[in-house]
Structures are given as C-alpha cells and as structure tokens.
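Down below is the structure, laid out as structure tokens.
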Amino acid sequence: MAEAPPEIQSLSYEDALTELDTLIKRLESGTIDLADSIAYYERGAALAAHCSRLLEATEQKVERLVLGHDGKPSEETLPILDEDE
Amino acid sequence: MEVLRVGDVAEFIEEVLSDHPGLQDVWVEGEVAECTVSRQGHCYLTLKDERASLQAVAFRLTFSRFNFQVQPGMMLLVHGKVQLYRDRGQVQLILDSAQPAGVGDLFLAFEQLRKRLEAEGLFDPGVKRPLPGFPRRVGIVTSEAGAALRDVLKVLRRRCPVVPALLAHAPVQGEVAAAALVRSLRRVAVRPGVDVVLLVRGGGSIEDLASFNDEQLARAIRSCPVPVVVGVGHETDYTIADFAADVRAATPSMAAEMAVPDLADLRRLVLERRQRLGLAVTHEVAAKQERMRSARERLGRQSPVRRLPELRQRLDDRQERLGVALRAGIERGRRALEGERRRLEALSPMAVLGRGYSLARDERGAVVMSVAGLAPGRRLTTVFADGSVVGEVLEVHPSTPGAHG
C-alpha cells in the first residue's frame, strides 16, 4: 500500500474509523459498481493503515504547560517521573 | 522516691476521673473529624473544635439507637462520661446519647453551595458531555508533586501510550489552590489537541478537599470547552467539582481509565475493519465476476457458431442411424439366405445318407436303382454319409413284390 494521501494523514483516529465504517457498509451493500468498489477498497485500506499507524507509538509523550515571562503559555517535556511499580 | 508501675498510674488516673462528677456526666459539642464503625458494631469518633480533638466511642447498643447518619464534618451534641482506655492509655468519651447539633460549618457551606448550584442547573444530567472515544491529547490538572499525577500517568501509559498527556500544574490544597485550579483548567483546555481534561487529586479530609468544593471551579468545569473528568480522593469523597464534572470518577486512576481507550481494544477494532473491508471487496468482485460469467454464457448460447456442432452432431446421428440400418438389412438378408441354404440342403439326397441310408453307384458312377441288370462280379461303389466303399456283387436276389428289403 502506497503512502496515504495527506488528507487521510491529517484525520483523527475516530474520523478515519468512522469513514472506514461507512465505506465498508457501502461495499457490503453490493450496490457499488466494480470500478468504484476498487477505489473504495483502496481508500478503505489507506484509512485502516492510518488508524493502525496512530496506534503504533509505545512511548508516551508527557508535557507540562508553562508560562513564559511574557505570560504566554508554552509546553515543555515533563521529566520522567519515578515509577513506583 | 516512690516509683510507680504503669498500671498504677492508669489506676490513679481512673480514680481521678471517676471522682470528678463533672467528667462522669458531661455534655460535649464538637465536629466529627473522623468516624469508623468496627466489625463488632461499635462507633469510634474523633470530635474536635479549633482548640483540640477528643476520642469518643458509642458502643454497639448506644450506636444502634442513633437515628441519624454520623458523618465527618457534622456537629454533634453528645452526652457521656470520660474514661481511660487502659490498653492505649487514652482518655475517651463513652457516649450514652448523641444528636446532631446543627451541621458543621464546612459541611453546611458545602450543602448550601451544592443546593444553589444544583438549582441553577449546573449539575443537570443534560449538561454533561460525552467523553471523546479517542482524544488526541489528554490535559491533566493537578499537582505535579502529587501521587494522583503518578497514578494517572501510569494508567495512561498502560492503556494508551499513543495519546500524549499535557500537565497543567496547580496546588491542590491551600488558600490559593481553587483559583490556581481554575486558571490551569482554563489554560490547558484550549491547548491544541486537548480533547478531554482530567481534574484530579488524592484523598483527604473535608478541609483538604476544600479547593474542590469551590464555586468558581465548578463554573470553570461547566464552561470548559472540552469535557472534564473529575477524580478526587477515594471512592466515598464527593466534592462540588465531582457534581459539576462531565464524568465523575471515583479515583484519579479511574479518571484516567475513562479518558482513554484501551489500545489493545483499538488494535482489534482496526484489524476487524481490515478483514471486513477485504471480505466486502472480495465478495463484491466475486459477485461481479459471476454475473459477467453468466452473462457471457447466456450470450454464447445465442451464437450461430454455437449451432454448428449441433448440426454436425445431428448429421453424425443420421449417418450413424443409416449405417445401423444398412448393416441390419445386410444381416437380415444373410440370415434369410442361410435359411434357404439349409432348406435346400435338407432336400439334398446326400442328406438322407446322414440318417443311415446309403446308395450304390456302378462302375460308371450311375446310381443303381434296381437289382435288374446286376450280375455277380460287378463292381459297385457304396456311398455313405462319411465316405464310400468299393465291393463286388456276389449274389443277386430280386425281392418278391410286397416283401421288405
């Protein structure tokens, strides 16, 4: 599967999944002609791949909101906290 | 110098206490700071005011007569006697009756605020917003030094490490805490991608939780642009913030559980979609192919070319039948001929020889029909069915008419 189009890459997981569901339902209804169903499939596969990619990261990013001297908020990485497993 | 044993001191104290009538029949008013009920059904209380705190106990029988719920923060007017609990060397009030003495100030303030905000509709189920299934980012408002933050981050990392967290620190107790919580909540909620905010702190006394019983905080929660999950202390602690929350969690960890999905579930979800997508297309293409195949087949049936073999076959068929008929005719003729031949044979005089007859031929080969003309010495050839013999006539006996040979 080729790189997903940028408009898919910018979708949130939920939006991508919702669109994927719609595509699948239409495909399953069997009312789409062959050429369209191939296009539907390709888009669906790209959406599914995008969803999977969103679930791949394993390192959680934790940041802290701080206020600069000008009072403008910005974010900085929070030092890893001690784990008391 | 007299040295006393511990027990002696205890007995001495008991004596002093019991000798003092003012301590054996005493009314005390105080706020309930803590209260626990033992397995045996005794109720242990800590009463306090701004100057001191005092242990008290209502034994099972007395406690069973209480017609109200004892709760921390409540003001009680109790009656009993002061005794020493020897095992612990603790002076305690043994209650024989108790009644609410109005409610404690903090509790009263809490109840008034709760009722006012409730009447305003701030806690209506209808104003609660659903949580996003998969937030892009989770905002956290709590103390960066608290155990609540550690608990929350631990759960987030375990359940869904792909969702980043953004902490907005605020002290969770003390005079400035409420205002700081409000500021942090407002700031973090508008950061890009923050789809849900966790407002959490560990458990504590009713005084410790005061900053979460703040009107401005409740309003800030309701005016927050994204849903707020409030998780304060332990399960039994309800604060004004809990009532105002879009979702109330029993603990900070529970709040984190609610805010993010379990990654394992999500992976399964996507996998299942991928399979369905593949199946849908496979079925679709297969159905299309089947339709095409059947159409081609029907079209094929109409083709004139398709009729050629049929015609050829019909021709073959005729030829075959012709052949069969011809062969049958020949056979019939052959069999008829054979029959004729047999009948012809039956009529042949030679056939008679097979039945035991024989015939005689003379030297010239002529069939001898009569003894007349024969004389001894003549050579005769006797013909049988399977051959012939040659012999000489020895005697001649003409037969008399009527006699058999």
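Letters A, B, ... mark the chains of the structure tokens in the order given; residue numbers begin at 1 per chain; ligand numbers begin at 1, in order shown.
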(message) Could you list, as a PyMOL selection string, every residue within 12 Å of B:Leu45, counting only C-alpha atoms and ignoring same-chain residues fewer than 5 positions away?
(response) chain B and resi 30-38+53-59+63+70-76+78+92-95+98
N, CA, C and O atoms of the current selection, written as a compact mmCIF listing (two decimals), in the first residue's frame:
```
# COMPACT_ATOMS: atom_id res chain seq x y z
N GLY B 30 -19.13 19.13 69.51
CA GLY B 30 -17.93 19.17 68.68
C GLY B 30 -18.23 18.66 67.27
O GLY B 30 -19.26 18.05 67.01
N GLU B 31 -17.27 18.93 66.38
CA GLU B 31 -17.45 18.49 64.99
C GLU B 31 -16.83 17.10 64.83
O GLU B 31 -15.74 16.84 65.35
N VAL B 32 -17.50 16.26 64.10
CA VAL B 32 -16.95 14.93 63.84
C VAL B 32 -15.84 15.07 62.80
O VAL B 32 -16.07 15.53 61.69
N ALA B 33 -14.61 14.72 63.22
CA ALA B 33 -13.49 14.80 62.28
C ALA B 33 -13.33 13.46 61.58
O ALA B 33 -13.06 13.40 60.39
N GLU B 34 -13.49 12.40 62.35
CA GLU B 34 -13.39 11.06 61.77
C GLU B 34 -14.44 10.19 62.42
O GLU B 34 -14.84 10.46 63.55
N CYS B 35 -14.84 9.16 61.72
CA CYS B 35 -15.75 8.22 62.34
C CYS B 35 -15.65 6.88 61.63
O CYS B 35 -15.68 6.81 60.40
N THR B 36 -15.43 5.84 62.43
CA THR B 36 -15.39 4.49 61.85
C THR B 36 -16.25 3.57 62.69
O THR B 36 -16.40 3.76 63.90
N VAL B 37 -16.83 2.57 62.00
CA VAL B 37 -17.64 1.60 62.71
C VAL B 37 -16.89 0.27 62.66
O VAL B 37 -16.50 -0.18 61.58
N SER B 38 -16.64 -0.31 63.82
CA SER B 38 -15.87 -1.55 63.88
C SER B 38 -16.76 -2.72 63.45
O SER B 38 -17.98 -2.58 63.33
N SER B 53 -8.82 17.93 69.90
CA SER B 53 -9.68 16.83 69.44
C SER B 53 -9.76 15.78 70.54
O SER B 53 -8.89 15.69 71.41
N LEU B 54 -10.83 15.00 70.50
CA LEU B 54 -11.14 14.09 71.59
C LEU B 54 -11.70 12.80 71.00
O LEU B 54 -12.56 12.82 70.12
N GLN B 55 -11.16 11.69 71.54
CA GLN B 55 -11.69 10.39 71.09
C GLN B 55 -13.01 10.11 71.80
O GLN B 55 -13.17 10.46 72.98
N ALA B 56 -13.92 9.47 71.10
CA ALA B 56 -15.19 9.10 71.71
C ALA B 56 -15.63 7.77 71.14
O ALA B 56 -15.25 7.42 70.02
N VAL B 57 -16.40 7.03 71.90
CA VAL B 57 -16.89 5.77 71.38
C VAL B 57 -18.35 5.58 71.78
O VAL B 57 -18.75 5.89 72.90
N ALA B 58 -19.13 5.13 70.81
CA ALA B 58 -20.51 4.75 71.10
C ALA B 58 -20.55 3.24 70.91
O ALA B 58 -20.38 2.76 69.79
N PHE B 59 -20.71 2.52 72.01
CA PHE B 59 -20.74 1.07 71.87
C PHE B 59 -22.00 0.64 71.14
O PHE B 59 -22.93 1.43 70.96
N PHE B 63 -24.91 2.99 69.86
CA PHE B 63 -24.81 3.39 68.45
C PHE B 63 -26.06 2.98 67.68
O PHE B 63 -26.52 3.70 66.79
N VAL B 70 -23.90 9.29 61.09
CA VAL B 70 -22.74 10.07 61.57
C VAL B 70 -21.79 10.27 60.40
O VAL B 70 -21.40 9.30 59.74
N GLN B 71 -21.45 11.53 60.12
CA GLN B 71 -20.55 11.81 59.01
C GLN B 71 -19.51 12.84 59.41
O GLN B 71 -19.81 13.72 60.23
N PRO B 72 -18.34 12.74 58.87
CA PRO B 72 -17.34 13.76 59.16
C PRO B 72 -17.87 15.14 58.76
O PRO B 72 -18.59 15.26 57.76
N GLY B 73 -17.54 16.13 59.55
CA GLY B 73 -17.98 17.49 59.25
C GLY B 73 -19.23 17.87 60.01
O GLY B 73 -19.60 19.04 60.11
N MET B 74 -19.88 16.83 60.55
CA MET B 74 -21.14 17.07 61.24
C MET B 74 -20.88 17.52 62.69
O MET B 74 -19.94 17.07 63.33
N MET B 75 -21.70 18.45 63.16
CA MET B 75 -21.59 18.88 64.56
C MET B 75 -22.48 17.98 65.40
O MET B 75 -23.64 17.77 65.07
N LEU B 76 -21.90 17.45 66.48
CA LEU B 76 -22.66 16.57 67.35
C LEU B 76 -22.75 17.16 68.76
O LEU B 76 -21.78 17.77 69.25
N VAL B 78 -23.14 15.51 72.28
CA VAL B 78 -23.14 14.15 72.84
C VAL B 78 -23.15 14.22 74.36
O VAL B 78 -22.77 15.22 74.98
N GLN B 92 -10.96 8.77 76.79
CA GLN B 92 -12.02 8.83 75.78
C GLN B 92 -13.38 9.04 76.41
O GLN B 92 -13.60 8.77 77.59
N LEU B 93 -14.25 9.50 75.57
CA LEU B 93 -15.61 9.80 76.00
C LEU B 93 -16.47 8.59 75.65
O LEU B 93 -16.50 8.16 74.50
N ILE B 94 -17.12 8.01 76.69
CA ILE B 94 -18.04 6.90 76.42
C ILE B 94 -19.43 7.51 76.28
O ILE B 94 -19.97 8.08 77.24
N LEU B 95 -19.98 7.39 75.06
CA LEU B 95 -21.25 8.07 74.80
C LEU B 95 -22.43 7.23 75.26
O LEU B 95 -22.41 6.01 75.14
N ALA B 98 -26.37 10.82 71.64
CA ALA B 98 -25.79 11.80 70.74
C ALA B 98 -26.88 12.33 69.83
O ALA B 98 -27.86 11.65 69.54
```
(message) Using only C-alpha atoms and a cut-off of 8 Å, which residues of chain A sit close to chain B? Please list them as a ChimeraX atom specification.
(response) /A:12-14,17,20-21,24,27-28,30,34,37-38,41,44-45,48,51-52,54-66,73,81,83
(request) Could you pull out the residues in stretch 175-264 of chain B that DSSP calls strand (DSSP E) from the backbone, as a list in words? (result) Val194, Asp195, Val196, Val197, Leu198, Leu199, Val200, Arg201, Val228, Val229, Val230, Gly231, Val232, Val247, Arg248 and Ala249 of chain B
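Distance check against A:Pro5 using only C-alpha atoms: of A:Leu23, A:Leu47, A:Ala39, A:Ile32, the minimum falls on A:Leu47.
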(message) So that I can see what lies close to B:Leu359, please list as a count of residues only the residues with an atom at most 12 Å from it, counting only C-alpha atoms and leaving out residues fewer than 6 positions away in the same chain.
(response) 21
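Our summary of the geometry notes that atom CA of B:Val172 is positioned 25.9 Å from atom CA of B:Gly121.
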(message) as a count of residues only, please: every residue in stretch 60-221 of chain B that DSSP puts in alpha helix (DSSP H).
(response) 54
Which residues come within 12 Å of B:Val141, counting only C-alpha atoms, excluding same-chain residues fewer than 4 positions away, as a CSV table (one decimal) with N, CA and C atoms, in the first residue's frame?
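File produced: selection.csv:
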```csv
chain,number,residue,atom,x,y,z
A,64,ARG,N,4.5,19.5,29.9
A,64,ARG,CA,4.0,20.3,31.0
A,64,ARG,C,3.7,21.7,30.4
A,65,LEU,N,2.6,22.3,30.8
A,65,LEU,CA,2.3,23.6,30.3
A,65,LEU,C,3.0,24.6,31.2
B,145,ALA,N,3.5,17.3,42.0
B,145,ALA,CA,4.2,16.6,43.1
B,145,ALA,C,3.3,15.5,43.6
B,146,GLY,N,2.0,15.4,43.2
B,146,GLY,CA,1.1,14.5,43.9
B,146,GLY,C,1.2,13.1,43.4
B,148,ALA,N,-1.5,11.5,42.8
B,148,ALA,CA,-2.5,11.4,41.8
B,148,ALA,C,-2.0,11.5,40.4
B,149,LEU,N,-1.0,12.4,40.1
B,149,LEU,CA,-0.4,12.5,38.8
B,149,LEU,C,0.3,11.2,38.4
B,152,VAL,N,-2.3,8.7,37.5
B,152,VAL,CA,-2.9,9.0,36.2
B,152,VAL,C,-1.9,8.6,35.0
B,165,ALA,N,0.0,13.3,26.9
B,165,ALA,CA,-0.6,14.0,28.0
B,165,ALA,C,0.0,15.4,28.2
B,166,LEU,N,-0.8,16.3,28.7
B,166,LEU,CA,-0.3,17.7,28.9
B,166,LEU,C,-0.7,18.0,30.3
B,167,LEU,N,0.3,18.3,31.2
B,167,LEU,CA,0.0,18.6,32.6
B,167,LEU,C,0.0,20.1,32.8
B,168,ALA,N,-1.0,20.6,33.5
B,168,ALA,CA,-1.1,21.9,33.9
B,168,ALA,C,-1.1,21.9,35.4
B,169,HIS,N,0.1,22.3,36.0
B,169,HIS,CA,0.2,22.1,37.4
B,169,HIS,C,-0.7,23.1,38.2
B,170,ALA,N,-1.2,22.7,39.3
B,170,ALA,CA,-1.8,23.6,40.3
B,170,ALA,C,-1.8,23.0,41.6
B,171,PRO,N,-1.5,23.8,42.7
B,171,PRO,CA,-1.5,23.2,44.0
B,171,PRO,C,-3.0,22.7,44.3
B,172,VAL,N,-3.1,21.6,45.0
B,172,VAL,CA,-4.5,21.1,45.2
B,172,VAL,C,-5.0,21.3,46.6
B,177,ALA,N,-5.3,27.4,46.2
B,177,ALA,CA,-5.5,26.2,45.3
B,177,ALA,C,-6.7,26.4,44.3
B,178,ALA,N,-7.8,26.8,44.8
B,178,ALA,CA,-9.0,26.8,44.0
B,178,ALA,C,-8.8,27.7,42.8
B,180,ALA,N,-6.0,28.6,41.5
B,180,ALA,CA,-5.0,28.1,40.6
B,180,ALA,C,-5.5,27.0,39.8
B,181,LEU,N,-6.4,26.1,40.4
B,181,LEU,CA,-7.0,25.1,39.6
B,181,LEU,C,-7.8,25.6,38.5
B,182,VAL,N,-8.6,26.7,38.8
B,182,VAL,CA,-9.4,27.3,37.7
B,182,VAL,C,-8.5,27.8,36.6
B,183,ARG,N,-7.4,28.5,36.9
B,183,ARG,CA,-6.5,29.0,35.9
B,183,ARG,C,-6.0,27.9,35.0
B,184,SER,N,-5.5,26.9,35.7
B,184,SER,CA,-4.8,25.8,35.0
B,184,SER,C,-5.8,25.1,34.1
B,185,LEU,N,-7.0,24.9,34.6
B,185,LEU,CA,-8.1,24.2,33.8
B,185,LEU,C,-8.4,25.0,32.5
B,186,ARG,N,-8.5,26.3,32.7
B,186,ARG,CA,-8.8,27.2,31.5
B,186,ARG,C,-7.7,27.2,30.5
B,187,ARG,N,-6.4,27.2,31.0
B,187,ARG,CA,-5.3,27.2,30.1
B,187,ARG,C,-5.1,25.9,29.3
B,188,VAL,N,-5.2,24.8,30.0
B,188,VAL,CA,-4.9,23.5,29.4
B,188,VAL,C,-6.0,23.1,28.4
B,189,ALA,N,-7.2,23.6,28.7
B,189,ALA,CA,-8.3,23.1,27.9
B,189,ALA,C,-8.3,23.7,26.5
B,196,VAL,N,-9.9,16.3,26.2
B,196,VAL,CA,-10.5,16.0,27.5
B,196,VAL,C,-9.6,16.4,28.6
B,197,VAL,N,-10.1,16.8,29.7
B,197,VAL,CA,-9.2,17.2,30.8
B,197,VAL,C,-9.5,16.4,32.1
B,198,LEU,N,-8.5,15.9,32.7
B,198,LEU,CA,-8.6,15.2,34.0
B,198,LEU,C,-8.3,16.2,35.1
B,199,LEU,N,-9.3,16.4,36.0
B,199,LEU,CA,-9.0,17.2,37.2
B,199,LEU,C,-9.0,16.3,38.4
B,200,VAL,N,-7.8,16.1,38.9
B,200,VAL,CA,-7.6,15.0,39.9
B,200,VAL,C,-6.8,15.5,41.1
B,201,ARG,N,-7.1,14.8,42.2
B,201,ARG,CA,-6.2,14.9,43.4
B,201,ARG,C,-6.4,13.6,44.3
B,212,PHE,N,-11.7,21.8,46.1
B,212,PHE,CA,-12.5,21.2,45.1
B,212,PHE,C,-14.0,21.4,45.4
B,217,LEU,N,-14.5,27.0,40.7
B,217,LEU,CA,-14.0,25.8,40.0
B,217,LEU,C,-15.2,25.0,39.3
B,221,ILE,N,-15.5,24.3,35.3
B,221,ILE,CA,-15.6,23.0,34.7
B,221,ILE,C,-16.8,23.0,33.7
B,228,VAL,N,-14.7,17.4,31.1
B,228,VAL,CA,-13.8,17.3,32.3
B,228,VAL,C,-14.2,16.1,33.1
B,229,VAL,N,-13.2,15.3,33.3
B,229,VAL,CA,-13.4,14.1,34.2
B,229,VAL,C,-12.8,14.5,35.6
B,230,VAL,N,-13.6,14.4,36.6
B,230,VAL,CA,-13.1,14.8,38.0
B,230,VAL,C,-12.9,13.5,38.8
B,231,GLY,N,-11.7,13.3,39.3
B,231,GLY,CA,-11.4,12.1,40.1
B,231,GLY,C,-10.7,12.6,41.4
B,232,VAL,N,-11.4,12.6,42.5
B,232,VAL,CA,-10.8,13.1,43.7
B,232,VAL,C,-10.8,12.0,44.8
B,252,PRO,N,-8.3,9.1,40.9
B,252,PRO,CA,-7.6,9.6,39.8
B,252,PRO,C,-7.3,8.5,38.7
B,255,ALA,N,-10.3,8.0,36.7
B,255,ALA,CA,-10.5,9.1,35.7
B,255,ALA,C,-9.6,8.8,34.5
B,256,ALA,N,-8.4,8.4,34.7
B,256,ALA,CA,-7.5,8.1,33.5
B,256,ALA,C,-8.1,6.9,32.7
```
